[in-house]
$ cat run.csv   # CSV, C-alpha atoms
chain,number,residue,atom,x,y,z
T,1,MET,CA,12.3,-2.3,7.1
T,2,PRO,CA,13.2,1.4,6.6
T,3,LEU,CA,10.1,3.6,6.2
T,4,ALA,CA,11.5,5.0,3.0
T,5,VAL,CA,11.7,1.6,1.5
T,6,ALA,CA,8.2,0.7,2.5
T,7,ALA,CA,6.9,4.0,1.2
T,8,ALA,CA,8.7,3.5,-2.1
T,9,ALA,CA,7.3,-0.1,-2.4
T,10,ASP,CA,3.7,1.3,-1.9
T,11,VAL,CA,4.2,4.1,-4.4
T,12,LEU,CA,5.7,1.7,-6.9
T,13,CYS,CA,2.7,-0.6,-6.6
T,14,VAL,CA,0.2,2.2,-7.2
T,15,VAL,CA,2.3,3.7,-10.1
T,16,VAL,CA,2.5,0.3,-11.8
T,17,PHE,CA,-1.3,-0.1,-11.4
T,18,ALA,CA,-1.9,3.3,-13.0
T,19,ALA,CA,0.6,2.7,-15.8
T,20,GLY,CA,-0.9,-0.7,-16.6
T,21,GLY,CA,-4.4,0.7,-16.7
T,22,ARG,CA,-3.3,3.6,-19.0
T,23,SER,CA,-1.5,1.2,-21.2
T,24,SER,CA,-4.4,-1.3,-21.5
T,25,HIS,CA,-6.6,1.6,-22.6
T,26,ASP,CA,-4.1,3.1,-25.0
T,27,GLU,CA,-4.1,6.4,-23.1
T,28,GLN,CA,-1.5,9.0,-23.8
T,29,GLY,CA,-0.3,11.8,-21.7
T,30,GLY,CA,3.2,10.8,-20.5
T,31,LEU,CA,4.1,11.5,-16.9
T,32,VAL,CA,1.3,14.0,-16.4
T,33,GLY,CA,-1.3,11.5,-17.5
T,34,LEU,CA,0.3,8.8,-15.3
T,35,LEU,CA,0.2,11.1,-12.2
T,36,THR,CA,-3.4,12.1,-13.0
T,37,THR,CA,-4.4,8.4,-12.9
T,38,ALA,CA,-2.2,7.5,-9.9
T,39,TRP,CA,-2.8,10.5,-7.5
T,40,PRO,CA,-6.2,9.4,-6.1
T,41,PHE,CA,-4.7,6.0,-5.1
T,42,LEU,CA,-1.5,7.5,-3.8
T,43,ALA,CA,-3.6,9.9,-1.6
T,44,GLY,CA,-5.6,6.9,-0.4
T,45,ALA,CA,-2.4,5.0,0.5
T,46,ALA,CA,-1.1,8.1,2.3
T,47,LEU,CA,-4.3,8.2,4.3
T,48,GLY,CA,-3.7,4.6,5.2
T,49,TRP,CA,-0.2,5.4,6.4
T,50,ALA,CA,-1.6,8.3,8.5
T,51,LEU,CA,-4.2,6.0,10.1
T,52,VAL,CA,-1.5,3.5,11.0
T,53,ALA,CA,0.5,6.3,12.6
T,54,LEU,CA,-2.4,7.9,14.5
T,55,VAL,CA,-4.5,4.9,15.6
T,56,PRO,CA,-2.6,2.6,17.9
T,57,ALA,CA,-4.8,-0.4,17.2
T,58,LEU,CA,-4.0,-0.3,13.5
T,59,SER,CA,-0.3,-1.0,14.0
T,60,GLY,CA,1.0,-4.4,14.9
T,61,ARG,CA,3.9,-2.9,16.8
T,62,GLY,CA,3.0,0.4,18.5
T,63,ALA,CA,1.6,0.2,22.0
T,64,ALA,CA,-1.2,2.6,22.9
T,65,ARG,CA,1.3,4.9,24.5
T,66,GLY,CA,3.8,4.6,21.7
T,67,SER,CA,4.6,7.5,19.4
T,68,ALA,CA,3.3,7.8,15.9
T,69,SER,CA,6.8,7.0,14.6
T,70,ALA,CA,6.9,3.8,16.6
T,71,ARG,CA,3.6,2.8,15.2
T,72,LEU,CA,4.7,3.5,11.6
T,73,ALA,CA,7.5,1.0,12.2
T,74,GLY,CA,4.7,-1.6,11.7
T,75,VAL,CA,3.5,-0.2,8.3
T,76,SER,CA,5.4,-2.9,6.5
T,77,ASP,CA,3.6,-5.6,8.4
T,78,LEU,CA,1.0,-7.6,6.5
T,79,ALA,CA,-1.7,-7.2,9.1
T,80,PRO,CA,-3.2,-5.0,10.4
T,81,ALA,CA,-1.2,-2.2,8.8
T,82,GLY,CA,-1.0,-3.6,5.3
T,83,LEU,CA,-4.7,-4.3,5.2
T,84,VAL,CA,-5.3,-0.7,6.3
T,85,VAL,CA,-3.0,0.8,3.7
T,86,ALA,CA,-4.4,-1.4,0.9
T,87,GLY,CA,-8.0,-0.7,1.9
T,88,ALA,CA,-7.4,3.0,2.2
T,89,ALA,CA,-5.6,3.1,-1.2
T,90,TRP,CA,-8.5,1.4,-2.9
T,91,ALA,CA,-11.4,3.2,-1.1
T,92,GLY,CA,-9.7,6.6,-1.1
T,93,GLY,CA,-8.8,6.2,-4.8
T,94,MET,CA,-12.3,5.3,-5.7
T,95,LEU,CA,-13.9,8.1,-3.7
T,96,LEU,CA,-11.4,10.7,-5.1
T,97,ARG,CA,-12.0,9.4,-8.7
T,98,LEU,CA,-15.7,9.8,-8.1
T,99,ALA,CA,-15.3,13.3,-6.6
T,100,THR,CA,-13.1,14.5,-9.5
T,101,GLY,CA,-15.2,12.9,-12.3
T,102,GLN,CA,-12.6,10.3,-13.3
T,103,GLY,CA,-15.1,7.5,-13.2
T,104,VAL,CA,-15.3,4.1,-11.5
T,105,SER,CA,-17.6,2.2,-13.9
T,106,GLY,CA,-17.7,-1.4,-14.9
T,107,ALA,CA,-15.2,-3.8,-13.6
T,108,PHE,CA,-12.7,-1.1,-12.7
T,109,PRO,CA,-13.4,-1.1,-9.0
T,110,LEU,CA,-12.9,-4.9,-8.8
T,111,VAL,CA,-9.8,-4.8,-11.0
T,112,ALA,CA,-8.4,-2.0,-8.8
T,113,LEU,CA,-9.2,-3.9,-5.6
T,114,GLY,CA,-7.6,-7.1,-6.9
T,115,PHE,CA,-4.4,-5.4,-8.2
T,116,LEU,CA,-3.9,-3.1,-5.2
T,117,ALA,CA,-4.6,-5.9,-2.7
T,118,LEU,CA,-2.3,-8.3,-4.5
T,119,THR,CA,0.6,-5.9,-4.7
T,120,LEU,CA,0.3,-3.8,-1.6
T,121,LEU,CA,-0.2,-7.0,0.5
T,122,GLY,CA,2.0,-9.1,-1.6
T,123,TRP,CA,5.3,-7.3,-1.0
T,124,ARG,CA,4.5,-7.3,2.7
T,125,GLY,CA,3.9,-11.0,2.6
T,126,VAL,CA,7.2,-11.7,0.9
T,127,VAL,CA,9.0,-9.5,3.4
T,128,ALA,CA,7.3,-11.4,6.3
T,129,LEU,CA,8.3,-14.8,4.8
T,130,VAL,CA,11.9,-13.7,4.2
T,131,SER,CA,12.2,-12.2,7.7
T,132,ARG,CA,10.8,-15.3,9.3
T,133,ALA,CA,13.2,-17.5,7.4
T,134,ALA,CA,16.1,-15.3,8.4
T,135,ARG,CA,15.1,-15.4,12.0
T,136,ARG,CA,14.9,-19.2,12.0
T,137,ARG,CA,18.3,-19.4,10.3
T,138,SER,CA,19.9,-17.1,12.8
T,139,SER,CA,18.3,-18.8,15.8
T,140,ALA,CA,19.2,-22.4,14.7
T,141,PRO,CA,21.9,-24.1,16.7
T,142,ARG,CA,25.3,-24.1,14.9
T,143,PRO,CA,27.3,-27.3,14.9
$ encode --input "run.csv" --output "structure tokens"
Amino acid sequence: MPLAVAAAADVLCVVVFAAGGRSSHDEQGGLVGLLTTAWPFLAGAALGWALVALVPALSGRGAARGSASARLAGVSDLAPAGLVVAGAAWAGGMLLRLATGQGVSGAFPLVALGFLALTLLGWRGVVALVSRAARRRSSAPRP
């Protein structure tokens, strides 16, 4: 999967999360408000991408000697890269919200964890299933 598509999918997941949260709390603010809510989680996801690129063990594809770009080729994999990106998006988002006074009270951390895990891992799972089915189809003997 092209890196730009994987990045766009992750950004979309975080933006939908932020938009849903703002909508459920009847918050106004348009695009600026949406970005204010989304940026901590986007920064966390970016940290996850950086970890996948820089730490060979976190990519399912890059050998220890491989380049960062080779390791990033695995960022669309469900594990371990997807787990790293989802975990970093959540943890980074929570820490940045705390640091900037945006708050993390009540059930919000659990709701955020559930939504981000479901979406950031979910699209990767769908891609893995579709890719596996396509490989099986292409390797099946033809009559």
$ closest_atom_pairs --input "run.csv" --of "region 6-76 of chain T" --to "region 114-117 of chain T" --cutoff "8 Å" --atoms "all atoms listed in the file" --output "CSV"
residue,atom,partner,partner_atom,distance
T:Cys13,CA,T:Leu116,CA,7.2
T:Val14,CA,T:Leu116,CA,7.0
T:Phe17,CA,T:Phe115,CA,6.9
$ closest_residue --input "run.csv" --among "T:Gly74, T:Ser69, T:Ala7, T:Met94" --to "Gly44 (chain T)" --atoms "only C-alpha atoms"
T:Met94
$ atom_distance --input "run.csv" --atom1 "CA of Ala70 (chain T)" --atom2 "CA of Leu83 (chain T)"
18.2 Å
$ decode --input "run.csv" --residues "region 87-110 of chain T" --atoms "N, CA and C atoms" --output "PDB file, in the first residue's frame"
ATOM      1  N   GLY T  87      -1.372   2.731  19.420  1.00  0.00           N
ATOM      2  CA  GLY T  87      -0.980   3.002  20.805  1.00  0.00           C
ATOM      3  C   GLY T  87      -0.385   4.382  20.970  1.00  0.00           C
ATOM      4  N   ALA T  88       0.450   4.777  20.030  1.00  0.00           N
ATOM      5  CA  ALA T  88       1.072   6.103  20.104  1.00  0.00           C
ATOM      6  C   ALA T  88       0.043   7.206  19.887  1.00  0.00           C
ATOM      7  N   ALA T  89      -0.911   6.981  18.982  1.00  0.00           N
ATOM      8  CA  ALA T  89      -1.959   7.984  18.755  1.00  0.00           C
ATOM      9  C   ALA T  89      -2.745   8.213  20.038  1.00  0.00           C
ATOM     10  N   TRP T  90      -3.094   7.115  20.713  1.00  0.00           N
ATOM     11  CA  TRP T  90      -3.871   7.244  21.947  1.00  0.00           C
ATOM     12  C   TRP T  90      -3.033   7.842  23.076  1.00  0.00           C
ATOM     13  N   ALA T  91      -1.884   7.229  23.367  1.00  0.00           N
ATOM     14  CA  ALA T  91      -1.060   7.694  24.491  1.00  0.00           C
ATOM     15  C   ALA T  91      -0.552   9.115  24.255  1.00  0.00           C
ATOM     16  N   GLY T  92      -0.068   9.372  23.054  1.00  0.00           N
ATOM     17  CA  GLY T  92       0.407  10.719  22.734  1.00  0.00           C
ATOM     18  C   GLY T  92      -0.709  11.736  22.816  1.00  0.00           C
ATOM     19  N   GLY T  93      -1.877  11.367  22.301  1.00  0.00           N
ATOM     20  CA  GLY T  93      -3.022  12.268  22.361  1.00  0.00           C
ATOM     21  C   GLY T  93      -3.425  12.592  23.787  1.00  0.00           C
ATOM     22  N   MET T  94      -3.462  11.572  24.626  1.00  0.00           N
ATOM     23  CA  MET T  94      -3.835  11.796  26.029  1.00  0.00           C
ATOM     24  C   MET T  94      -2.805  12.672  26.742  1.00  0.00           C
ATOM     25  N   LEU T  95      -1.532  12.370  26.546  1.00  0.00           N
ATOM     26  CA  LEU T  95      -0.483  13.159  27.207  1.00  0.00           C
ATOM     27  C   LEU T  95      -0.484  14.611  26.731  1.00  0.00           C
ATOM     28  N   LEU T  96      -0.653  14.807  25.431  1.00  0.00           N
ATOM     29  CA  LEU T  96      -0.675  16.177  24.909  1.00  0.00           C
ATOM     30  C   LEU T  96      -1.921  16.934  25.362  1.00  0.00           C
ATOM     31  N   ARG T  97      -3.048  16.245  25.466  1.00  0.00           N
ATOM     32  CA  ARG T  97      -4.252  16.899  25.990  1.00  0.00           C
ATOM     33  C   ARG T  97      -4.041  17.317  27.441  1.00  0.00           C
ATOM     34  N   LEU T  98      -3.415  16.444  28.230  1.00  0.00           N
ATOM     35  CA  LEU T  98      -3.111  16.799  29.620  1.00  0.00           C
ATOM     36  C   LEU T  98      -2.180  18.003  29.687  1.00  0.00           C
ATOM     37  N   ALA T  99      -1.144  17.974  28.862  1.00  0.00           N
ATOM     38  CA  ALA T  99      -0.135  19.039  28.884  1.00  0.00           C
ATOM     39  C   ALA T  99      -0.698  20.388  28.454  1.00  0.00           C
ATOM     40  N   THR T 100      -1.734  20.368  27.618  1.00  0.00           N
ATOM     41  CA  THR T 100      -2.287  21.624  27.107  1.00  0.00           C
ATOM     42  C   THR T 100      -3.613  22.005  27.774  1.00  0.00           C
ATOM     43  N   GLY T 101      -3.991  21.280  28.809  1.00  0.00           N
ATOM     44  CA  GLY T 101      -5.198  21.616  29.550  1.00  0.00           C
ATOM     45  C   GLY T 101      -6.497  21.276  28.851  1.00  0.00           C
ATOM     46  N   GLN T 102      -6.469  20.393  27.870  1.00  0.00           N
ATOM     47  CA  GLN T 102      -7.705  20.026  27.167  1.00  0.00           C
ATOM     48  C   GLN T 102      -8.528  19.002  27.941  1.00  0.00           C
ATOM     49  N   GLY T 103      -7.931  18.313  28.874  1.00  0.00           N
ATOM     50  CA  GLY T 103      -8.677  17.401  29.725  1.00  0.00           C
ATOM     51  C   GLY T 103      -8.794  15.987  29.188  1.00  0.00           C
ATOM     52  N   VAL T 104      -8.818  15.053  30.140  1.00  0.00           N
ATOM     53  CA  VAL T 104      -8.949  13.630  29.804  1.00  0.00           C
ATOM     54  C   VAL T 104      -9.819  12.928  30.852  1.00  0.00           C
ATOM     55  N   SER T 105     -10.842  13.600  31.327  1.00  0.00           N
ATOM     56  CA  SER T 105     -11.626  13.077  32.442  1.00  0.00           C
ATOM     57  C   SER T 105     -12.698  12.089  32.005  1.00  0.00           C
ATOM     58  N   GLY T 106     -13.254  11.425  33.009  1.00  0.00           N
ATOM     59  CA  GLY T 106     -14.366  10.514  32.797  1.00  0.00           C
ATOM     60  C   GLY T 106     -14.016   9.330  31.917  1.00  0.00           C
ATOM     61  N   ALA T 107     -14.962   8.977  31.075  1.00  0.00           N
ATOM     62  CA  ALA T 107     -14.794   7.826  30.193  1.00  0.00           C
ATOM     63  C   ALA T 107     -14.021   8.166  28.923  1.00  0.00           C
ATOM     64  N   PHE T 108     -13.661   9.431  28.761  1.00  0.00           N
ATOM     65  CA  PHE T 108     -13.010   9.847  27.516  1.00  0.00           C
ATOM     66  C   PHE T 108     -11.793   9.004  27.141  1.00  0.00           C
ATOM     67  N   PRO T 109     -10.868   8.720  28.058  1.00  0.00           N
ATOM     68  CA  PRO T 109      -9.717   7.902  27.657  1.00  0.00           C
ATOM     69  C   PRO T 109     -10.113   6.530  27.114  1.00  0.00           C
ATOM     70  N   LEU T 110     -11.125   5.915  27.709  1.00  0.00           N
ATOM     71  CA  LEU T 110     -11.560   4.598  27.233  1.00  0.00           C
ATOM     72  C   LEU T 110     -12.275   4.694  25.889  1.00  0.00           C
TER      73      LEU T 110
END
